[in-house]
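> File run.cif below, mmCIF, C-alpha atoms:
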```
data_query
loop_
_atom_site.label_atom_id
_atom_site.label_comp_id
_atom_site.auth_asym_id
_atom_site.auth_seq_id
_atom_site.Cartn_x
_atom_site.Cartn_y
_atom_site.Cartn_z
CA MET A 1 -32.86 -14.63 -43.47
CA SER A 2 -31.98 -18.19 -44.47
CA ASP A 3 -33.62 -21.20 -42.81
CA ALA A 4 -30.26 -22.33 -41.42
CA SER A 5 -29.64 -18.94 -39.90
CA ASN A 6 -33.17 -18.82 -38.54
CA LEU A 7 -32.82 -22.25 -36.97
CA ARG A 8 -29.49 -21.29 -35.45
CA ARG A 9 -30.97 -18.17 -33.91
CA THR A 10 -34.05 -20.05 -32.68
CA ASN A 11 -31.82 -22.60 -30.97
CA ALA A 12 -29.72 -19.82 -29.48
CA LEU A 13 -32.86 -18.14 -28.15
CA LYS A 14 -34.13 -21.44 -26.71
CA GLY A 15 -30.79 -21.98 -24.97
CA ALA A 16 -30.76 -18.43 -23.61
CA LEU A 17 -34.35 -18.79 -22.40
CA LEU A 18 -33.57 -22.07 -20.64
CA ARG A 19 -30.54 -20.58 -18.92
CA TYR A 20 -32.58 -17.54 -17.90
CA ARG A 21 -35.44 -19.70 -16.55
CA VAL A 22 -33.07 -21.82 -14.48
CA MET A 23 -31.42 -18.74 -13.01
CA ALA A 24 -34.79 -17.05 -12.42
CA TYR A 25 -35.97 -20.03 -10.35
CA VAL A 26 -32.69 -20.43 -8.46
CA LEU A 27 -32.39 -16.72 -7.71
CA GLY A 28 -36.11 -16.47 -6.90
CA VAL A 29 -35.80 -19.15 -4.24
CA TRP A 30 -32.59 -17.59 -2.95
CA SER A 31 -34.20 -14.13 -2.80
CA LEU A 32 -36.98 -15.60 -0.68
CA LEU A 33 -34.36 -17.00 1.69
CA LEU A 34 -32.53 -13.67 1.71
CA TRP A 35 -35.61 -11.56 2.42
CA GLY A 36 -37.37 -14.11 4.60
CA LEU A 37 -34.48 -15.43 6.71
CA ASP A 38 -31.19 -13.62 6.26
CA LEU A 39 -32.35 -10.00 6.52
CA PRO A 40 -34.87 -10.45 9.41
CA THR A 41 -32.30 -12.34 11.51
CA LYS A 42 -29.70 -9.69 10.76
CA PHE A 43 -31.78 -7.17 12.70
CA TRP A 44 -33.87 -9.26 15.10
CA ALA A 45 -31.92 -12.45 15.80
CA LYS A 46 -28.22 -11.71 15.49
CA GLY A 47 -27.27 -14.97 17.19
CA ILE A 48 -28.90 -17.02 14.44
CA HIS A 49 -27.71 -14.72 11.67
CA LYS A 50 -24.10 -15.87 12.00
CA ASP A 51 -25.15 -19.32 10.80
CA LEU A 52 -27.13 -17.91 7.87
CA ILE A 53 -24.40 -15.70 6.46
CA PHE A 54 -23.95 -18.07 3.51
CA ILE A 55 -27.35 -16.97 2.13
CA GLY A 56 -26.17 -13.42 1.48
CA ILE A 57 -22.83 -14.56 0.09
CA ALA A 58 -24.47 -17.08 -2.26
CA HIS A 59 -26.99 -14.46 -3.40
CA GLY A 60 -24.09 -12.15 -4.19
CA VAL A 61 -22.57 -14.87 -6.39
CA LEU A 62 -25.85 -15.93 -8.03
CA TYR A 63 -27.07 -12.45 -8.90
CA PRO A 64 -24.33 -11.59 -11.46
CA ILE A 65 -24.99 -14.97 -13.13
CA TYR A 66 -28.70 -14.15 -13.25
CA VAL A 67 -27.98 -10.69 -14.68
CA LEU A 68 -25.77 -12.20 -17.39
CA ALA A 69 -28.44 -14.81 -18.25
CA ALA A 70 -31.18 -12.13 -18.35
CA PHE A 71 -29.04 -9.82 -20.49
CA ILE A 72 -28.23 -12.52 -23.03
CA TYR A 73 -31.85 -13.70 -23.14
CA CYS A 74 -33.10 -10.13 -23.69
CA LEU A 75 -30.56 -9.62 -26.49
CA ARG A 76 -31.60 -12.88 -28.18
CA ALA A 77 -35.29 -12.09 -27.75
CA GLY A 78 -34.85 -8.57 -29.12
CA LYS A 79 -36.14 -6.89 -25.97
CA LYS A 80 -35.98 -3.13 -25.68
CA ILE A 81 -33.44 -1.63 -23.32
CA THR A 82 -36.06 -0.68 -20.70
CA GLU A 83 -37.47 -4.22 -20.69
CA THR A 84 -33.94 -5.58 -20.31
CA LEU A 85 -33.35 -3.37 -17.29
CA LEU A 86 -36.65 -4.53 -15.76
CA PHE A 87 -35.63 -8.16 -16.25
CA ILE A 88 -32.33 -7.43 -14.50
CA ILE A 89 -33.99 -5.57 -11.61
CA ALA A 90 -36.49 -8.44 -11.18
CA GLY A 91 -33.63 -10.46 -9.69
CA THR A 92 -33.32 -8.16 -6.70
CA LEU A 93 -36.86 -8.64 -5.40
CA PRO A 94 -38.38 -11.88 -4.15
CA VAL A 95 -41.10 -13.39 -6.38
CA MET A 96 -40.39 -10.85 -9.15
CA SER A 97 -37.99 -13.21 -10.91
CA PHE A 98 -40.78 -15.83 -11.04
CA ILE A 99 -43.09 -13.27 -12.64
CA ALA A 100 -40.36 -12.26 -15.12
CA GLU A 101 -39.79 -15.91 -15.99
CA ARG A 102 -43.52 -16.39 -16.68
CA LYS A 103 -43.47 -13.32 -18.93
CA ALA A 104 -40.41 -14.62 -20.80
CA MET A 105 -42.18 -17.95 -21.42
CA LYS A 106 -45.36 -16.20 -22.53
CA ASP A 107 -43.45 -14.00 -24.99
CA PHE A 108 -41.56 -16.99 -26.37
CA ASN A 109 -44.73 -19.01 -26.92
CA LYS A 110 -46.44 -16.01 -28.55
CA ASN A 111 -43.61 -15.61 -31.06
CA MET B 112 -28.32 14.52 -32.68
CA LYS B 113 -24.89 15.52 -31.46
CA SER B 114 -26.27 16.81 -28.16
CA LYS B 115 -28.19 13.53 -27.68
CA LYS B 116 -25.00 11.55 -28.23
CA LEU B 117 -23.12 13.80 -25.85
CA PHE B 118 -25.86 13.39 -23.24
CA THR B 119 -25.77 9.59 -23.63
CA PHE B 120 -21.98 9.61 -23.41
CA LEU B 121 -22.02 11.71 -20.25
CA LEU B 122 -24.80 9.64 -18.67
CA VAL B 123 -22.95 6.39 -19.36
CA LEU B 124 -19.74 7.90 -18.03
CA ILE B 125 -21.40 9.09 -14.81
CA LEU B 126 -23.24 5.81 -14.20
CA ALA B 127 -20.13 3.76 -14.97
CA GLY B 128 -18.14 5.98 -12.62
CA ILE B 129 -20.69 5.56 -9.83
CA THR B 130 -20.82 1.76 -10.12
CA THR B 131 -17.02 1.54 -10.32
CA GLU B 132 -16.70 3.64 -7.17
CA LEU B 133 -19.32 1.53 -5.40
CA GLY B 134 -17.22 -1.53 -6.28
CA VAL B 135 -14.10 0.16 -4.90
CA TRP B 136 -16.01 1.06 -1.72
CA GLN B 137 -17.06 -2.57 -1.26
CA LEU B 138 -13.46 -3.64 -1.88
CA HIS B 139 -12.30 -1.33 0.90
CA ARG B 140 -14.98 -2.73 3.20
CA ALA B 141 -13.83 -6.27 2.37
CA ARG B 142 -10.25 -5.29 3.26
CA GLU B 143 -11.43 -3.77 6.54
CA GLU B 144 -13.31 -6.97 7.36
CA LYS B 145 -10.22 -9.02 6.60
CA ALA B 146 -8.04 -6.75 8.71
CA SER B 147 -10.42 -7.01 11.68
CA SER B 148 -10.62 -10.79 11.39
CA HIS B 149 -6.81 -11.09 11.38
CA PRO B 150 -5.78 -8.37 13.82
CA VAL B 151 -2.14 -7.46 14.10
CA ALA B 152 -0.83 -6.33 17.46
CA ASP B 153 -0.04 -2.64 17.05
CA GLU B 154 2.53 -1.61 19.66
CA HIS B 155 2.40 2.05 18.72
CA LEU B 156 0.85 4.31 21.35
CA TYR B 157 -1.64 6.79 19.96
CA GLN B 158 -3.18 9.84 21.52
CA ILE B 159 -6.92 9.22 21.81
CA GLY B 160 -7.62 12.12 19.44
CA GLN B 161 -5.65 10.35 16.69
CA VAL B 162 -7.92 7.31 16.60
CA ALA B 163 -11.31 8.57 17.77
CA THR B 164 -13.50 11.64 17.80
CA PRO B 165 -15.63 12.53 20.83
CA GLY B 166 -19.37 12.25 20.28
CA GLN B 167 -18.94 10.03 17.24
CA ASN B 168 -19.11 6.28 16.75
CA LEU B 169 -15.85 4.40 17.06
CA THR B 170 -14.59 3.33 13.63
CA ALA B 171 -13.21 -0.10 12.75
CA THR B 172 -9.72 1.37 12.36
CA ALA B 173 -9.69 2.46 16.01
CA LEU B 174 -10.21 -1.06 17.31
CA ASN B 175 -7.27 -2.79 18.97
CA LYS B 176 -5.27 0.44 19.12
CA LEU B 177 -3.17 1.21 22.18
CA VAL B 178 -3.90 4.71 23.43
CA VAL B 179 -2.44 7.12 25.95
CA LEU B 180 -4.73 9.31 28.03
CA ASN B 181 -3.64 12.26 30.13
CA GLY B 182 -6.04 13.88 32.56
CA HIS B 183 -7.87 12.98 35.71
CA TYR B 184 -10.70 10.80 36.94
CA LEU B 185 -14.09 12.39 37.39
CA LYS B 186 -16.41 9.70 38.65
CA SER B 187 -16.31 6.05 39.65
CA TYR B 188 -18.58 3.19 38.73
CA ILE B 189 -18.65 -0.52 39.14
CA ALA B 190 -19.55 -2.91 36.34
CA PRO B 191 -20.63 -6.25 37.82
CA GLY B 192 -21.10 -9.49 35.92
CA GLN B 193 -18.35 -8.82 33.36
CA SER B 194 -16.51 -11.78 31.86
CA MET B 195 -14.38 -12.59 28.82
CA ASP B 196 -14.44 -15.70 26.71
CA PRO B 197 -10.98 -16.17 25.15
CA SER B 198 -12.39 -18.50 22.53
CA LYS B 199 -14.91 -15.94 21.38
CA ASN B 200 -13.68 -13.05 19.23
CA LEU B 201 -10.57 -12.51 21.32
CA THR B 202 -6.97 -13.46 20.73
CA THR B 203 -4.68 -14.40 23.57
CA GLU B 204 -2.01 -12.22 21.99
CA GLY B 205 -0.80 -9.05 23.65
CA THR B 206 -2.21 -9.61 27.08
CA SER B 207 -0.52 -9.36 30.42
CA GLY B 208 -3.53 -8.83 32.65
CA GLN B 209 -6.12 -11.16 34.00
CA TYR B 210 -8.59 -13.03 31.82
CA VAL B 211 -11.91 -12.82 33.58
CA THR B 212 -13.61 -16.03 32.62
CA ARG B 213 -16.15 -15.93 35.44
CA PRO B 214 -18.40 -12.94 36.05
CA ALA B 215 -16.45 -10.33 37.99
CA THR B 216 -16.88 -6.74 39.03
CA LEU B 217 -14.80 -4.14 37.25
CA ASP B 218 -13.66 -0.75 38.49
CA VAL B 219 -14.72 1.73 35.83
CA ARG B 220 -14.02 5.45 35.81
CA LEU B 221 -15.07 8.45 33.83
CA PHE B 222 -11.85 10.11 32.76
CA GLU B 223 -11.55 13.76 31.75
CA LEU B 224 -8.85 14.49 29.23
CA GLU B 225 -6.33 17.18 30.00
CA GLY B 226 -7.06 20.60 28.52
CA THR B 227 -10.53 19.66 27.32
CA ASN B 228 -13.81 18.74 28.91
CA ASN B 229 -14.02 15.59 26.76
CA THR B 230 -14.34 12.35 28.66
CA ILE B 231 -13.86 8.65 28.10
CA LEU B 232 -14.75 5.52 30.04
CA VAL B 233 -11.74 3.72 31.54
CA VAL B 234 -11.73 0.22 33.00
CA ARG B 235 -9.06 0.29 35.71
CA GLY B 236 -9.14 -3.35 36.66
CA VAL B 237 -10.91 -6.19 38.40
CA LEU B 238 -12.29 -5.66 41.88
CA GLY B 239 -12.34 -8.50 44.38
CA SER B 240 -15.35 -10.69 45.02
CA ASP B 241 -16.37 -8.33 47.82
CA SER B 242 -16.68 -5.44 45.46
CA SER B 243 -18.18 -3.04 47.98
CA GLY B 244 -15.07 -3.35 50.16
CA ASP B 245 -12.59 -2.79 47.39
CA PHE B 246 -14.48 -0.14 45.57
CA ARG B 247 -13.32 3.28 46.66
CA GLN B 248 -13.50 6.50 44.85
CA SER B 249 -10.21 8.32 44.86
CA LYS B 250 -10.37 11.10 47.40
CA ASN B 251 -7.95 13.13 45.40
CA SER B 252 -9.89 12.95 42.16
CA LYS B 253 -8.07 15.85 40.52
CA THR B 254 -4.77 13.98 40.60
CA GLU B 255 -3.30 14.00 37.13
CA VAL B 256 -2.98 10.53 35.70
CA SER B 257 -1.38 9.17 32.56
CA ILE B 258 -3.04 5.99 31.38
CA SER B 259 -2.12 3.61 28.62
CA GLY B 260 -4.45 0.88 27.48
CA ARG B 261 -6.36 -0.64 24.62
CA ILE B 262 -9.53 0.82 23.17
CA TYR B 263 -12.62 -1.38 22.79
CA PRO B 264 -16.07 -0.88 21.26
CA ARG B 265 -18.96 -0.27 23.65
CA GLN B 266 -21.03 -3.24 24.79
CA SER B 267 -24.42 -3.27 23.15
CA SER B 268 -26.36 -5.40 25.62
CA ASP B 269 -26.60 -5.51 29.41
CA VAL B 270 -24.57 -8.20 31.16
CA THR B 271 -26.33 -7.68 34.45
CA SER B 272 -29.33 -5.87 35.82
CA ALA B 273 -28.92 -2.78 37.97
CA THR B 274 -28.81 -3.63 41.68
CA PRO B 275 -31.17 -1.52 43.79
CA GLY B 276 -29.35 0.41 46.46
CA LYS B 277 -26.10 0.95 44.58
CA GLY B 278 -27.74 3.58 42.43
CA SER B 279 -26.02 5.24 39.54
CA GLU B 280 -22.59 3.86 40.46
CA VAL B 281 -23.56 0.54 38.93
CA ILE B 282 -23.38 0.28 35.17
CA THR B 283 -24.99 -2.70 33.53
CA ARG B 284 -22.69 -2.69 30.52
CA LEU B 285 -19.55 -0.92 29.37
CA ASP B 286 -21.28 1.73 27.35
CA PRO B 287 -20.59 5.48 27.61
CA SER B 288 -24.18 6.28 26.66
CA LEU B 289 -25.23 5.07 30.16
CA ILE B 290 -23.23 7.77 31.90
CA VAL B 291 -23.49 10.54 29.38
CA ALA B 292 -25.34 12.69 31.93
CA ASP B 293 -22.23 12.67 34.17
CA ALA B 294 -19.95 13.92 31.39
CA PRO B 295 -19.27 17.65 31.36
CA GLY B 296 -18.66 17.75 27.61
CA GLU B 297 -18.45 15.35 24.70
CA ILE B 298 -17.80 11.71 25.51
CA TYR B 299 -15.79 9.26 23.42
CA ASP B 300 -17.46 6.13 22.14
CA GLY B 301 -16.14 2.80 23.45
CA TYR B 302 -13.93 2.38 26.48
CA VAL B 303 -10.27 1.94 27.35
CA VAL B 304 -8.98 -0.98 29.40
CA ALA B 305 -6.04 0.43 31.32
CA SER B 306 -2.86 -1.59 31.37
CA SER B 307 -0.90 1.01 33.32
CA GLU B 308 -1.49 4.19 35.28
CA LYS B 309 1.03 6.84 36.25
CA PHE B 310 0.01 9.38 38.86
CA SER B 311 1.82 12.69 38.81
CA GLN B 312 1.34 13.99 42.38
CA SER B 313 3.04 12.29 45.31
CA SER B 314 2.06 8.99 43.97
CA ILE B 315 3.50 5.88 42.50
CA GLY B 316 1.91 4.08 39.65
CA SER B 317 2.63 0.61 38.47
CA SER B 318 1.48 -1.76 35.82
CA ASN B 319 0.35 -4.42 38.28
CA GLY B 320 -2.59 -2.38 39.36
CA SER B 321 -1.47 -1.08 42.72
CA SER B 322 -1.66 2.68 42.84
CA LYS B 323 -0.81 4.94 45.68
CA THR B 324 -2.56 8.26 45.59
CA GLY B 325 -1.26 9.65 48.87
CA GLN B 326 -4.59 9.12 50.58
CA GLU B 327 -5.21 5.46 49.89
CA VAL B 328 -3.80 2.44 48.17
CA ILE B 329 -6.10 0.67 45.79
CA LEU B 330 -5.15 -2.90 45.07
CA MET B 331 -6.65 -4.57 42.09
CA LYS B 332 -5.80 -6.82 39.19
CA ARG B 333 -5.46 -5.35 35.75
CA LEU B 334 -7.78 -6.70 33.12
CA ALA B 335 -6.29 -8.47 30.12
CA THR B 336 -6.31 -6.47 26.90
CA PRO B 337 -6.64 -9.03 24.12
CA LEU B 338 -7.13 -8.11 20.47
CA ILE B 339 -10.65 -8.32 19.14
CA ILE B 340 -11.35 -10.49 16.14
CA SER B 341 -14.31 -9.52 14.00
CA SER B 342 -17.16 -11.96 14.50
CA THR B 343 -18.32 -11.32 10.94
CA ALA B 344 -15.37 -12.70 9.00
CA GLY B 345 -17.75 -14.35 6.52
CA PHE B 346 -18.87 -10.95 5.34
CA TYR B 347 -15.56 -10.63 3.53
CA TRP B 348 -16.87 -12.80 0.70
CA GLN B 349 -20.17 -10.99 0.69
CA HIS B 350 -18.34 -7.71 0.07
CA ILE B 351 -16.25 -9.36 -2.65
CA ALA B 352 -19.48 -10.59 -4.27
CA TYR B 353 -20.78 -7.01 -4.24
CA VAL B 354 -17.53 -5.85 -5.84
CA VAL B 355 -18.16 -8.31 -8.66
CA ILE B 356 -21.77 -7.15 -8.99
CA TRP B 357 -20.93 -3.43 -9.15
CA TRP B 358 -18.11 -3.88 -11.63
CA PHE B 359 -20.32 -6.19 -13.67
CA PHE B 360 -22.89 -3.38 -13.75
CA THR B 361 -20.14 -1.05 -14.96
CA LEU B 362 -19.52 -3.41 -17.88
CA LEU B 363 -23.25 -3.60 -18.62
CA ILE B 364 -23.58 0.18 -18.55
CA LEU B 365 -20.65 0.51 -20.94
CA THR B 366 -22.36 -1.88 -23.37
CA LEU B 367 -25.69 -0.02 -23.25
CA PRO B 368 -24.79 2.53 -26.00
CA PHE B 369 -24.16 -0.45 -28.29
CA TYR B 370 -27.24 -2.32 -27.11
CA ASN B 371 -29.20 -1.83 -30.32
CA GLN B 372 -26.32 -3.01 -32.50
CA LEU B 373 -25.91 -6.08 -30.30
CA ARG B 374 -29.65 -6.70 -30.42
CA ARG B 375 -29.62 -6.56 -34.22
CA LYS B 376 -26.73 -8.95 -34.32
CA PHE B 377 -28.06 -11.55 -31.91
CA SER B 378 -31.83 -11.21 -32.05
CA MET B 379 -34.01 -13.41 -34.25
CA ILE B 380 -37.00 -11.07 -34.19
CA GLU B 381 -37.92 -10.19 -37.75
CA ASN B 382 -39.23 -6.69 -37.23
CA LEU B 383 -37.44 -4.62 -34.64
CA SER B 384 -39.68 -1.58 -34.76
CA SER B 385 -37.82 0.23 -32.01
CA LEU B 386 -34.64 0.43 -34.02
CA SER B 387 -33.85 3.71 -35.69
CA THR B 388 -32.34 2.12 -38.77
CA GLY B 389 -32.72 -1.22 -40.45
CA ALA B 390 -29.10 -1.45 -41.48
CA GLY B 391 -28.37 -4.37 -39.21
CA ARG B 392 -31.30 -6.33 -40.47
CA LYS B 393 -30.36 -5.65 -44.08
CA ASN B 394 -26.86 -6.86 -43.42
CA ASP B 395 -28.25 -10.07 -41.97
CA GLU B 396 -30.36 -10.69 -45.02
#
```
As structure tokens, what does this structure read like?

Amino acid sequence: MSDASNLRRTNALKGALLRYRVMAYVLGVWSLLLWGLDLPTKFWAKGIHKDLIFIGIAHGVLYPIYVLAAFIYCLRAGKKITETLLFIIAGTLPVMSFIAERKAMKDFNKN
Amino acid sequence: MKSKKLFTFLLVLILAGITTELGVWQLHRAREEKASSHPVADEHLYQIGQVATPGQNLTATALNKLVVLNGHYLKSYIAPGQSMDPSKNLTTEGTSGQYVTRPATLDVRLFELEGTNNTILVVRGVLGSDSSGDFRQSKNSKTEVSISGRIYPRQSSDVTSATPGKGSEVITRLDPSLIVADAPGEIYDGYVVASSEKFSQSSIGSSNGSSKTGQEVILMKRLATPLIISSTAGFYWQHIAYVVIWWFFTLLILTLPFYNQLRRKFSMIENLSSLSTGAGRKNDE
């Protein structure tokens, strides 16, 4: 592989990683809001839940963006299909996206 | 090799089909939410059996429907402390009765449908402030009655506490589950607010709430029958977001068989040991 091609791919990977990290943090925080505020009030404090409905809607919008960012990052980083699926699923659980982001950074620094 | 490809093809097809259908399901739910947040006055009169099933939860499609009931009253109740807030989830459209903005006592009856032993809760109207004086159970309870009114979902929380002394005649909310023991058979979910009653035997019925049953005249005001607006209109966009997610997953699933080719094309990893061939890498070099 030529140096130019290598540099281009490295830059592409860096860009994909940055986008993934941003989305992992944003979605991680939003998942905490979803699991910590939106879902409990849905069952135990319906009066308050009406005012928090935007959390679920925003999570629904953010999650596809996260999935796209994770998919592109995994492609660029040459992740196996199972790892890619785990990165995607990490966006559905609170805290897991933070852990996935740490792993992505660790892998990038190792390589 | 061929069987593996066939298996992969079938798996992808099934998963893509499932996610597509889940997207369609969410789309339908979004449409239902939209329909319930912008209710249209339906002037068609339905038989209760057309919009609801006894013993089962009332569906969203049954809400705001005008129904006709034929049968007779079985038992009477009073529901004190009931009020309506026109600004809250109710439209002023399609109402000729009285808006009860202050807590009032309602005359509620268990109604047995003709030819079956299925029952439904019917709100006949508003009793006066001295509810004990106005509240009378019809002496001729087997009188056939034809009722038309609007169907509403059951109330989920008590609006008042049961008053000692009045016993089982007092219901704390309009909920058929409270009086299920009085029903001879299956009971319909929700309740009907009567806008008119027509008695068949030596009686005169009218839409203003005065009914003559031969034995007594019961004077009361009919309750308004406004349309219900869904209080969860914001969920429309949540469902739409889920539609996007499911269909996005469909796209991802469809790309999975080509994942390794894509990985070869876009990845910068030198040695992709998991790949079955090195053709992609060779092409790159």
> What is the CA of Tyr157 in chain B-CA of Leu177 in chain B distance in Å, reported with one decimal?
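Separating CA of Tyr157 in chain B from CA of Leu177 in chain B is a distance of 6.2 Å.
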> Pick from B:Pro287, B:Asn229, B:Ser259, B:Thr366: nearest to Thr164 in chain B, with all atoms listed in the file counted?
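Looking only at the distances to Thr164 in chain B, the closest residue turns out to be B:Asn229.
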> Could you please tell me, as an mmCIF file with C-alpha atoms, keeping the file's coordinate frame, which residues of chain A have an atom within 6 Å of chain B when using all atoms listed in the file?

```
data_model
loop_
_atom_site.group_PDB
_atom_site.id
_atom_site.type_symbol
_atom_site.label_atom_id
_atom_site.label_comp_id
_atom_site.auth_asym_id
_atom_site.auth_seq_id
_atom_site.Cartn_x
_atom_site.Cartn_y
_atom_site.Cartn_z
ATOM 1 C CA MET A 1 -32.860 -14.630 -43.470
ATOM 2 C CA ARG A 9 -30.970 -18.170 -33.910
ATOM 3 C CA ILE A 57 -22.830 -14.560 0.090
ATOM 4 C CA GLY A 60 -24.090 -12.150 -4.190
ATOM 5 C CA VAL A 61 -22.570 -14.870 -6.390
ATOM 6 C CA PRO A 64 -24.330 -11.590 -11.460
ATOM 7 C CA LEU A 75 -30.560 -9.620 -26.490
ATOM 8 C CA ARG A 76 -31.600 -12.880 -28.180
ATOM 9 C CA ALA A 77 -35.290 -12.090 -27.750
ATOM 10 C CA GLY A 78 -34.850 -8.570 -29.120
#
```
> Near range 19-30 of chain A, counting all atoms listed in the file, which residues have an atom at most 12 Å away, once you skip same-chain residues fewer than 6 positions from it, shown as JSON, numbers by chain?
{"A": [12, 13, 36, 37, 38, 54, 55, 56, 57, 58, 59, 60, 61, 62, 63, 64, 65, 66, 67, 68, 69, 70, 71, 72, 73, 74, 75, 76, 77, 87, 88, 89, 90, 91, 92, 93, 94, 95, 96, 97, 98, 99, 100, 101, 102, 103, 104, 105, 108]}
> Any idea what the distance is between CA of Glu132 in chain B and CA of Thr119 in chain B?
19.7 Å
> Which residue, B:Gly192, B:Pro295, B:Pro264, B:Gly236, has the smallest gap to Ser307 in chain B when you use all atoms listed in the file?
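Checking each of B:Gly192, B:Pro295, B:Pro264, B:Gly236 against Ser307 in chain B, counting all atoms listed in the file, the winner is B:Gly236.
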> Once the PyMOL selection byres ((chain B and resi 237) around 9) has been evaluated on this model, what residues remain selected, and can you format them as a ChimeraX atom specification?
/B:209,211,215-218,234-236,238-239,331-334
> Please determine, counting only C-alpha atoms, which residue among B:Ile159, B:Val178, B:Gln266, B:Pro191 has the shortest atom-to-atom distance to Ile298 in chain B.
B:Ile159
> Find the distance between CA of Arg8 in chain A and CA of Thr82 in chain A and write it in Å to one decimal.
26.2 Å
